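Working notes for the structure below.
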There are 2 protein chains.
Amino acid sequence: VVAVDANGADLGPGEVAAGAAQAAQEGVRVLLFGPASELGAAVEGVEGVQVVDAPVSIAKSPDPARAARAHPESSIVQAARAVADGRAQALVCAGGTGAAVAAGLFNIKRARGVFRPALALVLPVPGRPTVLLDVGANAQARAEHLVQFAFMGAALSRVVLGVQRPRVGLLSNGEEFGRGGPLVVEARSELLRRLSATAEGGGAAPFEFVGNVEGGDLTSGAAEVIVTDGFTGNVALKVMEGVSSTVLRAVRDAAYSSPRAKLGGLLLAPSLRAFRAEIDPEGMGGAYLLGLRRLGVVPHGRFTRRGFAEAILRAERGAREDLVGRTHTALEQAGALRANSPSAPTASLPDRPDE
Amino acid sequence: VVAVDANGADLGPGEVAAGAAQAAQEGVRVLLFGPASELGAAVEGVEGVQVVDAPVSIAKSPDPARAARAHPESSIVQAARAVADGRAQALVCAGGTGAAVAAGLFNIKRARGVFRPALALVLPVPGRPTVLLDVGANAQARAEHLVQFAFMGAALSRVVLGVQRPRVGLLSNGEEFGRGGPLVVEARSELLRRLSATAEGGGAAPFEFVGNVEGGDLTSGAAEVIVTDGFTGNVALKVMEGVSSTVLRAVRDAAYSSPRAKLGGLLLAPSLRAFRAEIDPEGMGGAYLLGLRRLGVVPHGRFTRRGFAEAILRAERGAREDLVGRTHTALEQAGALRANSPSAPTASLPDRPDE
């Protein structure tokens, strides 16, 4: 069962409901939170979708952490509670990344031994999809956070993309004067230490660490997983989206610049459409919210039903393949779990929602 | 007179010499440092270019700061000294950004009251060229550094792009949970305070501060100047270059996917060439090294003679239009100069080369 918050989507809760109906037709059961009056039509008669009336939305709140605390009746908090209670095994939030992170932290809680959750996105690079994390769950990170992100990202690459031993790189600046900075330098040596610990314990390294990579490697295929703090990751992602659409717009403009170019554009269009489809973010279903006790998937608010359905299917698959548990095992073998944190699955010390 | 280090270019010192010859033909006098045996042919009989034999190169050094100290005979250190001595008014370094920053810091020294130099690049966004700084002179920054970068970038936008009152934005992450982080938050309020100080002193604000901008705004035209730390700026720049060439390659590949597409590509090619020319980094001459007592320009090592000539012309123009002096005046009016730092032009307390 996947708990879905239908509020916050640009096209309205009905579009999310339509996505839920599509996912249900592929066999996923959905618990759908949102304004019942706007959801009913899309899921009427669809087996596997249960609507819970939750009209209050905090998706657009300027202070999501405060809003998630103040509004337990909001759709995202109710959805997160359903996951925390075990009524659902994964969370999908249709809009408002901040609200999803806050509601997830306070209700589902951080996974045992995990410092911080991270948002991981599979960049739709043709022929070489690449996991980038954190793309914005936290604006700041310490070295041990980046170390954990590497293990989380590697587990995601294995489960979602089927890469058995992903190459993991640490995003850094280039050849210039002050290479890396202390965060990258520290994370790098800490990562090497953790991989040695896994090897000494007799475990197989869950990934190959390829050291520092640069911004250009988001699209070069130099690594299957690229690790960075949420500030840099978010800037990099937005630059990527902006440049990609600017260049494609320029190509289209070029195709209107003369009758000759116009004909050329028409002839080229079908082949370009294939490329556009390949880089369409809806195909990936959105960003994975990793590091909580259960999996979350956060599609972009501007998605259509196709993207929301994909998000629900991916959440179900990630839960079924135990992405959270596999990440925990890898972190444990590397000794990369947070100290003073219970590592036995039965322990239940309360995690603080944030530090 | 522009002092040019010819070492470090991918195509060799001769290519830089050819660029110097082109610039000299447009009236700029050049002091050219490099291996005389490889420079002579290109500048023979060209008036205005004087060759200084300096075969030692530190362009590829893994530790440019140490190399710049250990090799006073290297071409970049000799070129920087020529600028420091007043034999030349601006510096151009053909390869090795790190070496240029180090040699500049140690020999030309930081401008009075400036904390840190910055590398500023005019992003060749068609129709809306945008200044991004720092793209990698320092991996770390404090809020007061970013504040100074805003004034430096605004002065560059005015002098180089002719924008009378540029809009300046602070690069930040998006709508997500931990918006901005402490560096951005502090820099933002500090910038507002400095602009008020200018207004209270009766001065005209040298730019309009538009607050935070996101990665997508590198190409959106939301600001003429975008300020960030050198780590983030370098990552953003490399992402931009990588995505831009990946998308253009995909368009070319699409044009080979079928005979129909091939014909389309051929018809579209001339219009696309215009776009490619517009975004060609050689047209901008490279990155500006700001914050020293004299102006520097750092073309990319892979440039051809055309790019090197452009770099020399831009360095000459920036020096003639007193970019350094104008930046100083704006910083002074805003009270944004470093405390304990002499602001009178005649003072000469030694600046430490680095902190």
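Naming scheme: A, B, ... for chains in displayed order of the structure tokens; residues 1 onward per chain; ligands 1 onward as shown.
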
Could you build a table of the residues in chain B lying no more than 6 Å from chain A, giving for each the nearest pair of atoms and their separation in Å rounded to one decimal place, using only C-alpha atoms, ordered by chain and ascending residue number, as JSON lines?
{"residue": "B:Thr97", "atom": "CA", "partner": "A:Glu176", "partner_atom": "CA", "distance": 5.7}
{"residue": "B:Gly98", "atom": "CA", "partner": "A:Phe177", "partner_atom": "CA", "distance": 4.1}
{"residue": "B:Gly136", "atom": "CA", "partner": "A:Glu176", "partner_atom": "CA", "distance": 5.7}
{"residue": "B:Ala137", "atom": "CA", "partner": "A:Phe177", "partner_atom": "CA", "distance": 5.6}
{"residue": "B:Asn138", "atom": "CA", "partner": "A:Gly178", "partner_atom": "CA", "distance": 4.9}
{"residue": "B:Ala139", "atom": "CA", "partner": "A:Gly178", "partner_atom": "CA", "distance": 4.7}
{"residue": "B:Asn173", "atom": "CA", "partner": "A:Phe231", "partner_atom": "CA", "distance": 5.4}
{"residue": "B:Glu176", "atom": "CA", "partner": "A:Gly98", "partner_atom": "CA", "distance": 4.8}
{"residue": "B:Phe177", "atom": "CA", "partner": "A:Gly98", "partner_atom": "CA", "distance": 4.1}
{"residue": "B:Gly178", "atom": "CA", "partner": "A:Ala139", "partner_atom": "CA", "distance": 4.7}
{"residue": "B:Gly181", "atom": "CA", "partner": "A:Ala139", "partner_atom": "CA", "distance": 5.3}
{"residue": "B:Gly215", "atom": "CA", "partner": "A:Val239", "partner_atom": "CA", "distance": 4.3}
{"residue": "B:Gly216", "atom": "CA", "partner": "A:Gly242", "partner_atom": "CA", "distance": 4.4}
{"residue": "B:Phe231", "atom": "CA", "partner": "A:Asn173", "partner_atom": "CA", "distance": 5.4}
{"residue": "B:Thr232", "atom": "CA", "partner": "A:Thr232", "partner_atom": "CA", "distance": 5.9}
{"residue": "B:Asn234", "atom": "CA", "partner": "A:Asn173", "partner_atom": "CA", "distance": 5.4}
{"residue": "B:Val235", "atom": "CA", "partner": "A:Gly215", "partner_atom": "CA", "distance": 4.6}
{"residue": "B:Ala236", "atom": "CA", "partner": "A:Ala236", "partner_atom": "CA", "distance": 5.6}
{"residue": "B:Lys238", "atom": "CA", "partner": "A:Gly215", "partner_atom": "CA", "distance": 4.5}
{"residue": "B:Val239", "atom": "CA", "partner": "A:Gly215", "partner_atom": "CA", "distance": 4.3}
{"residue": "B:Gly242", "atom": "CA", "partner": "A:Gly216", "partner_atom": "CA", "distance": 4.4}
{"residue": "B:Ala254", "atom": "CA", "partner": "A:Ser271", "partner_atom": "CA", "distance": 5.2}
{"residue": "B:Arg260", "atom": "CA", "partner": "A:Leu267", "partner_atom": "CA", "distance": 5.9}
{"residue": "B:Ala261", "atom": "CA", "partner": "A:Leu268", "partner_atom": "CA", "distance": 4.5}
{"residue": "B:Gly264", "atom": "CA", "partner": "A:Gly264", "partner_atom": "CA", "distance": 3.6}
{"residue": "B:Gly265", "atom": "CA", "partner": "A:Gly264", "partner_atom": "CA", "distance": 6.0}
{"residue": "B:Leu267", "atom": "CA", "partner": "A:Gly264", "partner_atom": "CA", "distance": 4.7}
{"residue": "B:Leu268", "atom": "CA", "partner": "A:Ala261", "partner_atom": "CA", "distance": 4.4}
{"residue": "B:Ser271", "atom": "CA", "partner": "A:Ala254", "partner_atom": "CA", "distance": 5.2}
{"residue": "B:Leu272", "atom": "CA", "partner": "A:Ala254", "partner_atom": "CA", "distance": 5.9}

Take the selection from the previous step and output its residues with N, CA and C atoms, as a CSV table (one decimal), in the first residue's frame.
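Saved to out.csv:
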chain,number,residue,atom,x,y,z
B,97,THR,N,44.3,28.4,-14.3
B,97,THR,CA,43.6,29.4,-13.5
B,97,THR,C,44.3,29.5,-12.1
B,98,GLY,N,44.6,28.3,-11.5
B,98,GLY,CA,45.2,28.3,-10.2
B,98,GLY,C,46.5,29.1,-10.2
B,136,GLY,N,35.5,30.1,-9.1
B,136,GLY,CA,36.5,29.2,-8.7
B,136,GLY,C,37.8,29.7,-8.2
B,137,ALA,N,37.9,31.0,-7.8
B,137,ALA,CA,39.1,31.5,-7.3
B,137,ALA,C,39.3,31.0,-5.8
B,138,ASN,N,38.2,30.9,-5.1
B,138,ASN,CA,38.3,30.3,-3.7
B,138,ASN,C,37.2,29.3,-3.6
B,139,ALA,N,37.5,28.2,-2.9
B,139,ALA,CA,36.5,27.2,-2.7
B,139,ALA,C,35.5,27.5,-1.6
B,173,ASN,N,19.4,27.8,-3.2
B,173,ASN,CA,18.6,26.7,-3.5
B,173,ASN,C,17.2,27.1,-3.5
B,176,GLU,N,12.9,24.3,-1.4
B,176,GLU,CA,13.0,23.1,-0.5
B,176,GLU,C,13.2,23.4,0.9
B,177,PHE,N,13.3,22.3,1.7
B,177,PHE,CA,13.2,22.4,3.2
B,177,PHE,C,14.2,23.4,3.7
B,178,GLY,N,15.5,23.3,3.5
B,178,GLY,CA,16.4,24.1,4.2
B,178,GLY,C,16.9,25.3,3.3
B,181,GLY,N,20.5,28.4,3.6
B,181,GLY,CA,21.7,28.1,4.4
B,181,GLY,C,22.2,29.4,5.0
B,215,GLY,N,19.3,28.2,-9.6
B,215,GLY,CA,20.2,27.7,-10.7
B,215,GLY,C,19.6,28.0,-12.1
B,216,GLY,N,18.3,27.9,-12.2
B,216,GLY,CA,17.7,28.2,-13.5
B,216,GLY,C,17.8,29.6,-14.0
B,231,PHE,N,33.0,27.5,-4.9
B,231,PHE,CA,32.7,26.0,-5.1
B,231,PHE,C,31.4,25.9,-5.9
B,232,THR,N,30.4,26.5,-5.4
B,232,THR,CA,29.1,26.4,-6.1
B,232,THR,C,29.2,27.0,-7.5
B,234,ASN,N,31.7,27.2,-9.5
B,234,ASN,CA,32.4,26.3,-10.4
B,234,ASN,C,31.6,25.1,-10.8
B,235,VAL,N,30.9,24.5,-9.8
B,235,VAL,CA,30.0,23.4,-10.1
B,235,VAL,C,28.9,23.9,-11.1
B,236,ALA,N,28.3,25.0,-10.9
B,236,ALA,CA,27.2,25.5,-11.7
B,236,ALA,C,27.8,25.7,-13.2
B,238,LYS,N,30.3,24.3,-14.7
B,238,LYS,CA,30.7,23.0,-15.3
B,238,LYS,C,29.4,22.2,-15.7
B,239,VAL,N,28.4,22.3,-14.8
B,239,VAL,CA,27.1,21.7,-15.2
B,239,VAL,C,26.5,22.4,-16.5
B,242,GLY,N,28.5,21.2,-19.5
B,242,GLY,CA,28.3,19.8,-19.7
B,242,GLY,C,26.9,19.6,-20.4
B,254,ALA,N,20.4,13.1,-33.2
B,254,ALA,CA,19.0,12.9,-33.8
B,254,ALA,C,19.1,13.1,-35.3
B,260,ARG,N,15.6,11.0,-43.4
B,260,ARG,CA,14.7,12.1,-43.3
B,260,ARG,C,15.3,13.2,-42.3
B,261,ALA,N,15.7,12.7,-41.1
B,261,ALA,CA,16.3,13.5,-40.1
B,261,ALA,C,17.6,14.2,-40.5
B,264,GLY,N,16.9,17.0,-42.6
B,264,GLY,CA,16.4,18.1,-41.7
B,264,GLY,C,17.6,18.8,-41.0
B,265,GLY,N,18.6,18.0,-40.6
B,265,GLY,CA,19.7,18.5,-39.9
B,265,GLY,C,20.5,19.4,-40.8
B,267,LEU,N,19.5,21.1,-43.4
B,267,LEU,CA,18.7,22.4,-43.7
B,267,LEU,C,18.8,23.3,-42.5
B,268,LEU,N,18.8,22.7,-41.3
B,268,LEU,CA,18.8,23.5,-40.0
B,268,LEU,C,20.2,24.0,-39.7
B,271,SER,N,21.4,27.8,-39.3
B,271,SER,CA,20.8,28.5,-38.2
B,271,SER,C,21.4,28.1,-36.9
B,272,LEU,N,21.6,26.8,-36.8
B,272,LEU,CA,22.2,26.3,-35.5
B,272,LEU,C,23.6,26.8,-35.3

### Query
Can you list, as JSON, numbers by chain, every protein, DNA or RNA residue that comes within 9 Å of stretch 284-300 of chain B when you count only C-alpha atoms, leaving out same-chain residues fewer than 5 positions away?
{"B": [9, 83, 84, 89, 90, 91, 92, 93, 94, 95, 96, 97, 100, 101, 104, 105, 108, 109, 110, 111, 112, 114, 115, 116, 117, 118, 119, 120, 121, 122, 123, 124, 135, 137, 148, 149, 152, 153, 156, 306, 307, 308, 309, 310, 311, 312, 313, 314, 315, 316, 318, 319, 322, 323, 324, 325, 327]}

### Task
as an MDAnalysis selection string, list the residues of stretch 11-216 of chain B assigned to helix (DSSP H, G or I) by DSSP on the backbone atoms of this structure.
chainID B and resid 13:25 36:43 64:70 75:85 97:108 143:161 181:200 215:216

What would the file look like if the residues just selected were written as a compact mmCIF listing (two decimals), in the first residue's frame with C-alpha atoms?
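The new file selection.txt reads:
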# COMPACT_ATOMS: atom_id res chain seq x y z
CA PRO B 13 52.51 29.03 -26.64
CA GLY B 14 52.61 29.76 -30.39
CA GLU B 15 48.81 29.96 -30.48
CA VAL B 16 48.82 32.54 -27.70
CA ALA B 17 51.50 34.50 -29.56
CA ALA B 18 49.29 34.48 -32.65
CA GLY B 19 46.47 35.87 -30.51
CA ALA B 20 48.82 38.55 -29.17
CA ALA B 21 49.70 39.49 -32.74
CA GLN B 22 46.02 39.89 -33.58
CA ALA B 23 45.43 42.07 -30.51
CA ALA B 24 48.50 44.17 -31.35
CA GLN B 25 47.07 44.84 -34.79
CA ALA B 36 61.01 32.70 -26.98
CA SER B 37 61.82 29.87 -29.38
CA GLU B 38 58.11 29.05 -29.74
CA LEU B 39 56.82 32.61 -29.74
CA GLY B 40 59.07 34.36 -32.22
CA ALA B 41 57.56 33.14 -35.47
CA ALA B 42 54.02 34.30 -34.71
CA VAL B 43 54.97 37.82 -33.66
CA PRO B 64 49.79 26.40 -7.78
CA ALA B 65 50.31 28.46 -4.60
CA ARG B 66 53.49 26.62 -3.72
CA ALA B 67 54.68 26.63 -7.35
CA ALA B 68 54.11 30.38 -7.66
CA ARG B 69 56.30 30.94 -4.59
CA ALA B 70 58.98 28.45 -5.59
CA SER B 75 56.29 32.93 -17.05
CA ILE B 76 53.15 33.64 -15.02
CA VAL B 77 55.08 35.05 -12.04
CA GLN B 78 57.19 37.21 -14.36
CA ALA B 79 54.06 38.46 -16.10
CA ALA B 80 52.38 39.24 -12.76
CA ARG B 81 55.52 41.11 -11.65
CA ALA B 82 55.47 43.20 -14.79
CA VAL B 83 51.96 44.29 -13.82
CA ALA B 84 52.95 44.89 -10.20
CA ASP B 85 55.95 47.00 -11.34
CA THR B 97 43.63 29.37 -13.50
CA GLY B 98 45.17 28.30 -10.20
CA ALA B 99 48.58 29.57 -11.22
CA ALA B 100 47.08 32.88 -12.35
CA VAL B 101 45.23 33.40 -9.07
CA ALA B 102 48.29 32.48 -6.99
CA ALA B 103 50.77 34.56 -8.99
CA GLY B 104 48.32 37.47 -9.01
CA LEU B 105 47.75 37.32 -5.25
CA PHE B 106 51.42 37.14 -4.36
CA ASN B 107 52.70 39.74 -6.82
CA ILE B 108 49.94 42.12 -7.89
CA ALA B 143 29.21 36.57 3.77
CA GLU B 144 31.37 39.70 3.51
CA HIS B 145 33.20 38.13 0.57
CA LEU B 146 29.93 37.58 -1.29
CA VAL B 147 28.98 41.19 -0.56
CA GLN B 148 32.18 42.41 -2.19
CA PHE B 149 31.67 40.03 -5.12
CA ALA B 150 28.32 41.73 -5.76
CA PHE B 151 30.02 45.12 -6.15
CA MET B 152 32.81 43.65 -8.29
CA GLY B 153 30.32 41.88 -10.56
CA ALA B 154 28.16 44.97 -10.90
CA ALA B 155 31.18 47.07 -11.92
CA LEU B 156 32.12 44.40 -14.47
CA SER B 157 28.60 44.34 -15.89
CA ARG B 158 28.68 48.13 -16.29
CA VAL B 159 32.10 48.34 -17.87
CA VAL B 160 32.03 45.21 -20.04
CA LEU B 161 28.36 44.84 -20.93
CA GLY B 181 21.69 28.12 4.43
CA PRO B 182 23.43 30.55 6.78
CA LEU B 183 25.93 31.91 4.23
CA VAL B 184 23.20 33.06 1.85
CA VAL B 185 20.98 34.38 4.64
CA GLU B 186 23.82 36.40 6.14
CA ALA B 187 25.09 37.69 2.79
CA ARG B 188 21.59 38.77 1.87
CA SER B 189 21.03 40.93 4.94
CA GLU B 190 24.58 42.27 4.77
CA LEU B 191 24.06 43.29 1.13
CA LEU B 192 20.86 45.12 1.99
CA ARG B 193 22.69 46.92 4.80
CA ARG B 194 25.52 47.99 2.47
CA LEU B 195 23.14 49.33 -0.16
CA SER B 196 21.35 51.37 2.52
CA ALA B 197 24.72 52.74 3.62
CA THR B 198 25.37 53.91 0.05
CA ALA B 199 21.96 55.59 -0.08
CA GLU B 200 22.43 57.28 3.30
CA GLY B 215 20.16 27.74 -10.69
CA GLY B 216 17.66 28.15 -13.51

### Message
So that I can see what lies close to stretch 201-204 of chain B, please list as a list of chain:residue names the residues with an atom at most 12 Å from it, counting only C-alpha atoms and leaving out residues fewer than 5 positions away in the same chain.
### Response
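Everything that qualifies: B:Gln164, B:Arg165, B:Arg194, B:Leu195, B:Ser196, B:Thr329, B:Ala330, B:Leu331, B:Glu332, B:Gln333, B:Ala334, B:Gly335.
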
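Put simply, atom CA of B:Arg29 is 8.1 Å away from atom CA of B:Gln50.
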
#### Entry: Distance query B:Arg167 at most 9 Å, only C-alpha atoms, self and fewer than 5 positions along chain excluded, as a PyMOL selection string
chain B and resi 154+207-210+222-226

### Atom pair atom CA of B:Val52 / atom CA of B:Gly27: separation (Å)
19.4 Å

### One-decimal distance in Å that lies between atom CA of A:Leu132 and atom CA of A:Asp5
24.2 Å

### Task
Quick one: pick out all strand (DSSP E) residues within stretch 89-219 of chain B from a backbone DSSP run and write them as a list in words.
Ala90, Leu91, Val92, Cys93, Ala118, Leu119, Ala120, Leu121, Val122, Leu123, Thr130, Val131, Leu132, Leu133, Arg167, Val168, Gly169, Leu170, Leu171, Glu208, Phe209, Val210, Gly211, Asn212 and Val213 of chain B

Atoms to include: N, CA, C and O atoms. Write the selected residues as a short mmCIF file (atom, residue, chain, number, x, y, z; two decimals), in the first residue's frame.
data_model
loop_
_atom_site.label_atom_id
_atom_site.label_comp_id
_atom_site.auth_asym_id
_atom_site.auth_seq_id
_atom_site.Cartn_x
_atom_site.Cartn_y
_atom_site.Cartn_z
N ALA B 90 47.63 45.33 -17.11
CA ALA B 90 46.69 44.22 -16.90
C ALA B 90 47.40 42.91 -17.23
O ALA B 90 48.41 42.90 -17.94
N LEU B 91 46.83 41.82 -16.68
CA LEU B 91 47.46 40.51 -16.81
C LEU B 91 46.53 39.57 -17.59
O LEU B 91 45.33 39.52 -17.33
N VAL B 92 47.11 38.81 -18.53
CA VAL B 92 46.36 37.73 -19.19
C VAL B 92 47.16 36.45 -19.04
O VAL B 92 48.37 36.44 -19.29
N CYS B 93 46.50 35.38 -18.58
CA CYS B 93 47.18 34.11 -18.37
C CYS B 93 46.50 33.05 -19.22
O CYS B 93 45.32 32.77 -19.05
N ALA B 118 38.11 37.21 -6.99
CA ALA B 118 37.06 36.34 -7.53
C ALA B 118 37.26 36.19 -9.03
O ALA B 118 37.75 37.11 -9.68
N LEU B 119 36.87 35.04 -9.54
CA LEU B 119 36.85 34.83 -10.98
C LEU B 119 35.43 35.06 -11.47
O LEU B 119 34.50 34.41 -11.00
N ALA B 120 35.27 36.00 -12.40
CA ALA B 120 33.94 36.34 -12.90
C ALA B 120 33.86 35.99 -14.38
O ALA B 120 34.72 36.38 -15.16
N LEU B 121 32.82 35.25 -14.74
CA LEU B 121 32.68 34.86 -16.13
C LEU B 121 31.40 35.46 -16.69
O LEU B 121 30.35 35.44 -16.03
N VAL B 122 31.47 36.01 -17.90
CA VAL B 122 30.26 36.45 -18.58
C VAL B 122 29.70 35.22 -19.30
O VAL B 122 30.29 34.74 -20.27
N LEU B 123 28.59 34.68 -18.79
CA LEU B 123 27.99 33.50 -19.40
C LEU B 123 27.39 33.90 -20.74
O LEU B 123 26.60 34.85 -20.81
N THR B 130 25.14 37.08 -18.81
CA THR B 130 25.00 37.16 -17.36
C THR B 130 26.35 36.92 -16.70
O THR B 130 27.03 35.96 -17.04
N VAL B 131 26.71 37.81 -15.77
CA VAL B 131 27.98 37.66 -15.05
C VAL B 131 27.77 36.69 -13.88
O VAL B 131 26.88 36.89 -13.05
N LEU B 132 28.59 35.64 -13.83
CA LEU B 132 28.57 34.71 -12.70
C LEU B 132 29.91 34.80 -11.98
O LEU B 132 30.96 34.67 -12.61
N LEU B 133 29.87 35.03 -10.65
CA LEU B 133 31.11 35.02 -9.88
C LEU B 133 30.82 34.58 -8.45
O LEU B 133 29.71 34.77 -7.99
N ARG B 167 20.97 44.26 -12.35
CA ARG B 167 20.27 43.54 -11.28
C ARG B 167 21.21 42.45 -10.77
O ARG B 167 21.74 41.66 -11.55
N VAL B 168 21.40 42.42 -9.46
CA VAL B 168 22.31 41.45 -8.85
C VAL B 168 21.50 40.47 -8.01
O VAL B 168 20.68 40.87 -7.20
N GLY B 169 21.71 39.17 -8.22
CA GLY B 169 21.03 38.14 -7.42
C GLY B 169 22.03 37.26 -6.70
O GLY B 169 23.19 37.13 -7.11
N LEU B 170 21.57 36.66 -5.61
CA LEU B 170 22.40 35.78 -4.80
C LEU B 170 21.95 34.35 -5.10
O LEU B 170 20.78 34.01 -4.92
N LEU B 171 22.86 33.51 -5.57
CA LEU B 171 22.49 32.15 -5.97
C LEU B 171 22.12 31.33 -4.74
O LEU B 171 22.88 31.26 -3.77
N GLU B 208 20.91 47.07 -8.57
CA GLU B 208 19.65 46.73 -7.93
C GLU B 208 19.77 45.31 -7.39
O GLU B 208 20.09 44.39 -8.15
N PHE B 209 19.53 45.14 -6.11
CA PHE B 209 19.65 43.79 -5.52
C PHE B 209 18.30 43.10 -5.62
O PHE B 209 17.31 43.55 -5.06
N VAL B 210 18.24 41.98 -6.36
CA VAL B 210 16.96 41.31 -6.57
C VAL B 210 16.77 40.12 -5.62
O VAL B 210 15.83 39.34 -5.78
N GLY B 211 17.65 39.99 -4.64
CA GLY B 211 17.48 38.90 -3.66
C GLY B 211 18.00 37.57 -4.18
O GLY B 211 18.89 37.53 -5.03
N ASN B 212 17.41 36.49 -3.68
CA ASN B 212 17.88 35.17 -4.09
C ASN B 212 17.42 34.82 -5.50
O ASN B 212 16.31 35.15 -5.90
N VAL B 213 18.29 34.15 -6.22
CA VAL B 213 17.92 33.57 -7.51
C VAL B 213 18.29 32.09 -7.45
O VAL B 213 19.03 31.66 -6.57
#
